Amino acid sequence: MARNDLQGSLDLLVLKTLAQRNKLHGYGIVLHIQRASDEVLQVEEGSIYPALHRMEQSGWISSEWALTETNRKAKYYRLTAAGRKQLQEAEEGFEQLVKGVRAMLRYA
Amino acid sequence: MSLLRRIGNLFRRSRIDREIDAELRAHIEMRIEDNVAAGMTPEDARRDALLRFGNPTTTKECAMAADASLALDSFWRDIRYALRQLRKAPVFGATTVLTLALGIGATTAIFSAMNAVLLRLLPAANPKELFFLHLPDDQPYGAHSTGDSETSFSLPVFRTLRQDRRAFSDVMAFAPLSGGKVAVRFGDGLPEQAAGDMVSGNYFSELGVAAATGGTLSMADEDANASVAVLSYAYWTSRFSRNPNVVGQTMSIKGIPFTIVGVAAEGFRGLEQEGSTDLWIPLQRRAELVPWGDPSNQTLYGSPDWWCLRVLARFAPGISAEQAVAEANASFQAEAYARVATPNEAHPRIRLSAVAARGVVGLGDFNEYGQRIRIMMVLVTLVLVIACSNVAMLIVARNAARQREFSLRMALGAGRRTLLRQLLAESGILVVLGSMAGWLFALSATRKLATWAQLEVSLAPDWKVLLFSSMVSITAALLFALAPMRSATNAPLTAALRTSAATSHHSQRGGSTVLTVQVALCFTLLTAAGLLLRTLLNYEHTNLGMQTRGLLVFGITPQKETTDATKLRFYHALLEKMRAVPGVQAATLVGARLGSGWSSNDEPKVDGITYSFSQVPLRTNVVGPDYLRVLGIPLLEGRDIRESDTAASQHVVVVNETFVKKLLPNTNPIGHQLGGLKNRYTIVGVAKDSKYRSVDEAPRAMAYYPYTQNDDSRSTLQVELRTNGNPMTMLPTVERAVHDLDPDLPLEKPMTQIAVFEDSYSQQRLFSRLAMFFALLAALLVGIGLYGTLSYRIGRRTAEIGIRMALGAQRRQVLSMVLRETFQIAGAGIAGGIPLALIAGHFMGSILYELKPDDKLSMAVALVGIVGVSLGASFNPARRASSIDPARALRSE
């Protein structure tokens with residue numbers, strides 16, 4: 001249960017985002033999470049960066065500097081094979097969490 | 001851990017810092033652009049962007065912490081992973097660490113010996129300015145010398161050099177008080193012996209050796225030839241348990257009172273090459289205290305053509321050794337030839353030279369010593385190469401077996417860099433463990449080496465050695481990580497699915513090349529060891545020309561007898577006393593102890609004709625009655641020296657075969673006259689050639705004078721006793737008999753005559769044992785490497801061999817297939833090793849004794865050794881291959 005905390009959820013969101021898009025910079029990931037969740041999930045934008053750096057050090061994602069459409073230099077992230085495996089685990093873990101919470105709520 | 005992180009971040013922080021800044025700034029600016037595009041004013045857009053972003057500083061710090069701690073985490077993860085992998089293969093780990101420890105340890109030990117003996121500078125200030133002055137052409141013709149003729153200078157020459165301020169900023173001189181030790185006495189104590197040097201007044205100040213307590217010597221002490229002495233720290237410790245009250249007390253050296261003024265700094269052992277010096281006194285004027293204790297010279301100051309002082313110079317600042325020597329040469333030559341005949345064609349003008357004051361003493365015998373150490377360094381480096389290549393092969397083989405693991409991990413997304421990091425961690429752990437074990441091994445080995453080499457020098461590794469050994473280790477770690485890296489990261493993803501039968505023949509060829517090189521190096525080492533072993537055997541089996549078994553020898557220096565007549569009476573009484581000791585068959589005297597490296601030399605003057613020393617060098621010795629009979633040297637003609645040859649009787653001399661051959665051929669030598677010294681001596685006997693100075697000397701013309709008729713070296717004589725049984729067991733009885741005569745008289749260096757000769761080649765013994773050890777180590781390592789590689793290959797080829805056998809191959813054929821592979825490697829290795837061994841033999845030529853550098857027997861022994869190692873290593877794998885059960889082998893795939 002300890003791993004299914006909110007930080008784990010942010011990791012899951014980021015990994016899922018990168019799994020759907022080939023490569024994205026941090027700002028793009030924030031925009032995608034907001035749009036894809038119909039603006040339900042609002043993250044403090046800066047908090048995504050410690051998560052990105054941690055996941056990069058863990059080998060789940062890799063990064064490179066590239067130019068944006070508006071010709072600005074930005075750091076792009078991409079999912080690695082290890083990250084894909086991690087995403088699968090995280091998704092399963094999250095499903096378990098949701099299942100558990102839902103069961104709890106129904107029990108009353 | 002936090003320290004490690006900080007150190008790691010020192011190198012990365014600024015770059016990480018800049019990158020994170022740029023990344024966060026890009027984010028905020030993109031948000032502002034989007035906001036503006038959505039219709040906000042620039043100010044609102046900025047405020048909104050910052051609000052949404054949160055605190056950028058905190059964000060940055062969190063991101064950086066993630067980078068740093070996780071990078072470190074992954075470092076520990078690599079280490080933990082590597083340790084886990086090594087734990088899974090304990091035999092591999094232990095073999096690797098042990099191989100590395102032996103290789104690195106042996107190399108470090110020899111390097112620290114080389115460092116101490118050849119490279120280490122003196123403990124003085126600016127030690128690179130210090131040089132030993134040196135005479136490549138010996139003394140000027142007509143002068144005489146004591147000590148090593150290449151390093152002995154006269155007092156006037158030393159004084160002249162000292163004046164030359166353009167060449168030298170200072171010049172020091174020193175000389176031992178005797179060839180061995182001198183008699184000393186503290187207060188009313190018993191007589192003892194100590195090694196002493198007389199030195200110039202600037203000796204301590206120029207060498208930068210301070211006093212541990214009291215003071216040292218000054219120029220004023222030299223000018224006054226003061227009766228003051230400085231003790232060495234080691235002597236102060238062993239003799240006086242560091243009692244500070246010793247300073248100020250009086251001691252006697254050869255019966256002359258001296259005041260102890262101080263103790264030299266800890267660790268200073270003097271500049272004598274053979275042992276440490278116990279005490280130093282200023283240069284002396286007295287006849288009792290002359291350099292080398294040589295009584296044939298009146299005094300140091302009264303013998304201007306006596307070359308006996310060693311000279312150490314500090315060159316003037318900013319001047320090179322060549323410039324200084326060239327500068328000083330004119331005044332040196334003027335003084336050198338002031339008292340002897342001017343040089344001519346037969347005796348060209350001698351010149352001054354200089355040798356950097358490094359290591360023990362960079363001169364004389366130590367040139368040969370240095371040569372031996374350099375050869376050992378080369379041999380041990382070969383062992384290190386074999387050890388490292390063995391480890392590399394082991395790692396490659398192990399990683400080849402892990403090909404599937406690598407492929408799988410790359411398929412799962414591990415980057416090349418991650419893999420490299422892990423391989424580095426693995427080889428790093430092996431090398432660190434191997435180096436630490438090697439360092440411990442080197443520490444104990446250097447202590448033993450110093451004892452075996454009879455060097456009273458600290459061979460202990462210093463920072464230079466540590467640096468050397470770390471360089472070796474780091475190179476090894478990188479090599480071991482990179483060698484398997486290529487095959488590991490080039491592992492195609494599909495390799496994960498392949499079966500083990502698909503062996504890469506490319507890597508197999510690489511392995512065979514390494515093995516061939518190893519065999520070649522091992523062959524060279526075995527040949528070198530064979531050469532040195534045969535040299536040692538030649539030393540041991542050299543015919544000395546006498547019967548050494550049963551001979552006891554010790555030195556005696558009469559203390560109370562001062563005149564010639566009383567000394568002669570004393571020695572006569574001593575011989576009588578010795579002959580009466582039960583168990584002593586016979587006794588005689590000799591001036592220079594046989595086999596000790598000492599000799600007296602002269603120019604022969606036969607029947608009035610003088611021969612130059614370079615034509616016929618004449619060795620001389622003074623001997624007691626019945627010398628030839630007691631020593632067991634055969635008498636060829638005439639008679640031995642007799643009791644009746646006294647100072648008053650006709651002066652006689654016994655010569656040897658070579659003397660007759662060179663100086664009196666085709667005539668009866670008996671009755672001819674030899675007059676090189678003060679008197680004319682009539683030849684009364686001819687002895688067979690025998691060894692004098694050392695075992696390895698060539699026969700030289702020799703003259704034995706009765707000690708009664710020649711005052712050369714009469715102050716100390718060696719007593720030779722022929723005893724029944726083991727001579728050393730006689731020692732207490734003999735000592736009592738000597739003390740009956742004079743209770744204060746010490747027996748100087750009592751030894752068996754066999755031991756004296758054996759000690760004369762103790763260096764050769766040590767180095768040949770070292771070489772044998774290295775060769776055996778190399779053979780063992782090559783054997784292990786061959787065994788490991790063959791076993792591994794057989795294991796990989798189990799299926800193939802199974803198929804062959806299923807198709808009708810006989811066991812014999814499988815056996816010969818494996819052996820063929822072995823002998824291809826051994827044959828190629830030997831073919832490569834022969835020229836290498838010839839080169840090695842060529843470089844070792846100067847340290848071989850009665851042996852050609854291309855000695856066939858040594859090579860044959862090496863060849864047999866290689867064949868033996870190859871057979872031994874391939875026996876088990878070959879048997880395993882031939883006993884493969886085809887049915888089971890095929891099923892296992």
# chains A, B, ... in the order shown; residues from 1 in each chain; ligands from 1

$ closest_atom_pairs --of "chain A" --to "chain B" --cutoff "6 Å" --atoms "only C-alpha atoms" --output "CSV"
residue,atom,partner,partner_atom,distance
A:Tyr27,CA,B:His27,CA,5.3
A:Glu44,CA,B:Phe53,CA,5.8
A:Glu45,CA,B:Phe53,CA,4.5
A:Gly46,CA,B:Phe53,CA,4.7
A:Tyr49,CA,B:Ala63,CA,6.0
A:Pro50,CA,B:Ala63,CA,3.8
A:His53,CA,B:Ala63,CA,5.8
A:Arg54,CA,B:Ala66,CA,5.1
A:Gln57,CA,B:Leu70,CA,5.8
A:Ala81,CA,B:Gly413,CA,4.5
A:Ala82,CA,B:Gly413,CA,5.3

$ write_last_selection --atoms "C-alpha atoms" --output "tab-separated table (two decimals), in the first residue's frame"
chain	number	residue	atom	x	y	z
A	27	TYR	CA	5.32	21.79	-19.85
A	44	GLU	CA	1.31	22.46	-9.25
A	45	GLU	CA	3.33	22.73	-12.43
A	46	GLY	CA	6.80	22.91	-10.80
A	49	TYR	CA	10.26	18.34	-12.32
A	50	PRO	CA	11.57	16.56	-9.20
A	53	HIS	CA	14.46	13.84	-12.58
A	54	ARG	CA	13.85	11.01	-10.15
A	57	GLN	CA	17.76	8.55	-12.56
A	81	ALA	CA	11.81	-0.08	-21.93
A	82	ALA	CA	12.28	-0.19	-18.17

$ residues_around --residues "Val43 in chain A" --least-positions-apart "6" --cutoff "9 Å" --atoms "only C-alpha atoms" --output "list in words"
Leu10, Val30, Ile33 and Gln34 of chain A; Arg52 of chain B

$ write_last_selection --atoms "C-alpha atoms" --output "PDB file, in the first residue's frame"
ATOM      1  CA  LEU A  10       2.015  11.515 -10.340  1.00  0.00           C
ATOM      2  CA  VAL A  30       1.488  19.202 -17.604  1.00  0.00           C
ATOM      3  CA  ILE A  33      -2.461  15.756 -17.958  1.00  0.00           C
ATOM      4  CA  GLN A  34      -4.758  18.767 -17.585  1.00  0.00           C
TER       5      GLN A  34
ATOM      6  CA  ARG B  52       0.789  27.984 -11.517  1.00  0.00           C
TER       7      ARG B  52
END

$ residues_around --residues "Ile61 in chain A" --least-positions-apart "3" --cutoff "12 Å" --atoms "only C-alpha atoms" --output "ChimeraX atom specification"
/A:11,14-19,22-25,51-58,64,76-87 /B:413-415

$ write_last_selection --atoms "N, CA and C atoms" --output "compact mmCIF listing (two decimals), in the first residue's frame"
# COMPACT_ATOMS: atom_id res chain seq x y z
N ASP A 11 3.75 9.82 -10.79
CA ASP A 11 4.61 9.02 -11.66
C ASP A 11 3.78 8.32 -12.72
N VAL A 14 2.62 10.70 -15.40
CA VAL A 14 3.70 11.10 -16.30
C VAL A 14 4.04 9.94 -17.24
N LEU A 15 4.20 8.74 -16.67
CA LEU A 15 4.56 7.58 -17.50
C LEU A 15 3.50 7.33 -18.56
N LYS A 16 2.24 7.43 -18.13
CA LYS A 16 1.14 7.17 -19.06
C LYS A 16 1.16 8.19 -20.19
N THR A 17 1.39 9.47 -19.79
CA THR A 17 1.46 10.54 -20.80
C THR A 17 2.55 10.23 -21.82
N LEU A 18 3.73 9.84 -21.31
CA LEU A 18 4.85 9.59 -22.22
C LEU A 18 4.60 8.34 -23.06
N ALA A 19 3.82 7.42 -22.51
CA ALA A 19 3.50 6.21 -23.28
C ALA A 19 2.59 6.55 -24.46
N ASN A 22 5.15 10.22 -28.07
CA ASN A 22 6.50 9.73 -28.27
C ASN A 22 7.45 10.43 -27.32
N LYS A 23 7.53 11.76 -27.42
CA LYS A 23 8.39 12.51 -26.50
C LYS A 23 7.75 13.86 -26.21
N LEU A 24 7.97 14.34 -24.97
CA LEU A 24 7.36 15.58 -24.53
C LEU A 24 8.26 16.30 -23.55
N HIS A 25 8.16 17.66 -23.52
CA HIS A 25 8.86 18.37 -22.47
C HIS A 25 7.94 18.50 -21.26
N ALA A 51 9.91 14.92 -9.93
CA ALA A 51 9.45 13.59 -10.32
C ALA A 51 10.14 13.14 -11.60
N LEU A 52 10.21 14.05 -12.58
CA LEU A 52 10.86 13.70 -13.85
C LEU A 52 12.33 13.31 -13.62
N HIS A 53 13.03 14.11 -12.80
CA HIS A 53 14.46 13.84 -12.58
C HIS A 53 14.67 12.52 -11.84
N ARG A 54 13.74 12.26 -10.89
CA ARG A 54 13.85 11.01 -10.15
C ARG A 54 13.64 9.83 -11.09
N MET A 55 12.66 9.94 -11.95
CA MET A 55 12.37 8.81 -12.85
C MET A 55 13.49 8.63 -13.88
N GLU A 56 14.10 9.74 -14.24
CA GLU A 56 15.22 9.61 -15.18
C GLU A 56 16.38 8.86 -14.53
N GLN A 57 16.67 9.23 -13.26
CA GLN A 57 17.76 8.55 -12.56
C GLN A 57 17.44 7.07 -12.37
N SER A 58 16.14 6.75 -12.24
CA SER A 58 15.75 5.34 -12.08
C SER A 58 15.79 4.59 -13.39
N GLU A 64 16.48 14.41 -23.62
CA GLU A 64 17.39 15.05 -24.58
C GLU A 64 16.91 16.47 -24.80
N TYR A 76 13.33 17.33 -23.59
CA TYR A 76 12.27 16.38 -23.92
C TYR A 76 12.52 15.07 -23.21
N TYR A 77 11.44 14.46 -22.74
CA TYR A 77 11.53 13.16 -22.06
C TYR A 77 10.89 12.09 -22.91
N ARG A 78 11.38 10.86 -22.75
CA ARG A 78 10.89 9.73 -23.54
C ARG A 78 10.92 8.50 -22.65
N LEU A 79 9.96 7.62 -22.86
CA LEU A 79 9.86 6.42 -22.03
C LEU A 79 10.93 5.40 -22.46
N THR A 80 11.57 4.73 -21.49
CA THR A 80 12.49 3.64 -21.84
C THR A 80 11.75 2.32 -21.67
N ALA A 81 12.43 1.24 -22.07
CA ALA A 81 11.81 -0.08 -21.93
C ALA A 81 11.52 -0.37 -20.46
N ALA A 82 12.50 0.03 -19.60
CA ALA A 82 12.28 -0.19 -18.17
C ALA A 82 11.07 0.62 -17.69
N GLY A 83 10.92 1.83 -18.26
CA GLY A 83 9.80 2.68 -17.88
C GLY A 83 8.48 2.06 -18.29
N ARG A 84 8.49 1.44 -19.45
CA ARG A 84 7.26 0.81 -19.96
C ARG A 84 6.83 -0.30 -18.99
N LYS A 85 7.85 -1.05 -18.52
CA LYS A 85 7.56 -2.12 -17.58
C LYS A 85 7.03 -1.53 -16.27
N GLN A 86 7.65 -0.44 -15.86
CA GLN A 86 7.25 0.23 -14.64
C GLN A 86 5.81 0.74 -14.75
N LEU A 87 5.49 1.28 -15.94
CA LEU A 87 4.14 1.79 -16.17
C LEU A 87 3.12 0.68 -15.98
N GLY B 413 15.99 -2.68 -21.62
CA GLY B 413 16.17 -1.24 -21.60
C GLY B 413 17.39 -0.74 -20.88
N ALA B 414 18.27 -1.63 -20.40
CA ALA B 414 19.49 -1.15 -19.79
C ALA B 414 20.37 -0.54 -20.87
N GLY B 415 20.90 0.65 -20.61
CA GLY B 415 21.73 1.31 -21.61
C GLY B 415 23.13 0.73 -21.57

$ residues_around --residues "range 92-101 of chain B" --least-positions-apart "6" --cutoff "6 Å" --atoms "only C-alpha atoms" --output "ChimeraX atom specification"
/B:86,387,391,430,434-435,437-438

$ residues_around --residues "range 663-665 of chain B" --least-positions-apart "6" --cutoff "9 Å" --atoms "only C-alpha atoms" --output "JSON, numbers by chain"
{"B": [604, 606, 611, 616, 672, 701]}

$ residues_around --residues "Phe767 in chain B" --least-positions-apart "4" --cutoff "8 Å" --atoms "only C-alpha atoms" --output "MDAnalysis selection string"
chainID B and resid 372 376 532 763 771

$ write_last_selection --atoms "C-alpha atoms" --output "PDB file, in the first residue's frame"
ATOM      1  CA  ARG B 372      70.082  -7.267 -10.666  1.00  0.00           C
ATOM      2  CA  MET B 376      64.052  -8.593 -11.259  1.00  0.00           C
ATOM      3  CA  LEU B 532      70.213 -17.634 -12.489  1.00  0.00           C
ATOM      4  CA  GLN B 763      72.917 -11.495  -3.384  1.00  0.00           C
ATOM      5  CA  ALA B 771      63.657 -15.446 -10.181  1.00  0.00           C
TER       6      ALA B 771
END

$ closest_residue --among "A:Ser9, A:Gln20, A:Gln96, A:Ile29" --to "Lys75 in chain A" --atoms "only C-alpha atoms"
A:Ile29

$ residues_around --residues "Arg339 in chain B" --least-positions-apart "3" --cutoff "10 Å" --atoms "only C-alpha atoms" --output "number ranges by chain"
B: 140, 142-143, 304-305, 334-336, 342

$ write_last_selection --atoms "N, CA and C atoms" --output "PDB file, in the first residue's frame"
ATOM      1  N   PRO B 140      94.992   8.406  -9.888  1.00  0.00           N
ATOM      2  CA  PRO B 140      96.130   8.653 -10.790  1.00  0.00           C
ATOM      3  C   PRO B 140      97.198   7.596 -10.551  1.00  0.00           C
ATOM      4  N   GLY B 142     100.297   5.778  -9.562  1.00  0.00           N
ATOM      5  CA  GLY B 142     101.311   6.098  -8.562  1.00  0.00           C
ATOM      6  C   GLY B 142     100.722   6.363  -7.197  1.00  0.00           C
ATOM      7  N   ALA B 143      99.454   6.749  -7.154  1.00  0.00           N
ATOM      8  CA  ALA B 143      98.804   6.944  -5.849  1.00  0.00           C
ATOM      9  C   ALA B 143      98.325   5.582  -5.348  1.00  0.00           C
ATOM     10  N   PRO B 304      99.369  12.363   1.914  1.00  0.00           N
ATOM     11  CA  PRO B 304      98.670  13.116   0.864  1.00  0.00           C
ATOM     12  C   PRO B 304      98.397  12.308  -0.407  1.00  0.00           C
ATOM     13  N   ASP B 305      99.156  11.214  -0.629  1.00  0.00           N
ATOM     14  CA  ASP B 305      98.860  10.452  -1.850  1.00  0.00           C
ATOM     15  C   ASP B 305      98.029   9.202  -1.548  1.00  0.00           C
ATOM     16  N   ALA B 334      94.913  19.237 -11.380  1.00  0.00           N
ATOM     17  CA  ALA B 334      96.134  19.882 -10.910  1.00  0.00           C
ATOM     18  C   ALA B 334      96.539  19.294  -9.559  1.00  0.00           C
ATOM     19  N   GLU B 335      95.549  19.145  -8.662  1.00  0.00           N
ATOM     20  CA  GLU B 335      95.850  18.617  -7.331  1.00  0.00           C
ATOM     21  C   GLU B 335      96.160  17.117  -7.381  1.00  0.00           C
ATOM     22  N   ALA B 336      95.401  16.397  -8.226  1.00  0.00           N
ATOM     23  CA  ALA B 336      95.564  14.945  -8.297  1.00  0.00           C
ATOM     24  C   ALA B 336      96.974  14.571  -8.748  1.00  0.00           C
ATOM     25  N   THR B 342     103.386  12.800 -13.934  1.00  0.00           N
ATOM     26  CA  THR B 342     102.396  13.356 -14.862  1.00  0.00           C
ATOM     27  C   THR B 342     101.899  12.245 -15.774  1.00  0.00           C
TER      28      THR B 342
END

$ closest_residue --among "B:Asp607, B:Ala837, B:Ala450, B:Ile395" --to "Val431 in chain B" --atoms "only C-alpha atoms"
B:Ile395

$ atom_distance --atom1 "CA of Trp280 in chain B" --atom2 "CA of Ser227 in chain B"
10.6 Å

$ closest_residue --among "A:Leu13, A:Val98, A:Met104, A:Ile48" --to "Gly26 in chain A" --atoms "only C-alpha atoms"
A:Ile48

$ select_by_dssp --residues "range 683-797 of chain B" --states "helix (DSSP H, G or I)" --output "number ranges by chain"
B: 727-741, 753-760, 762-796
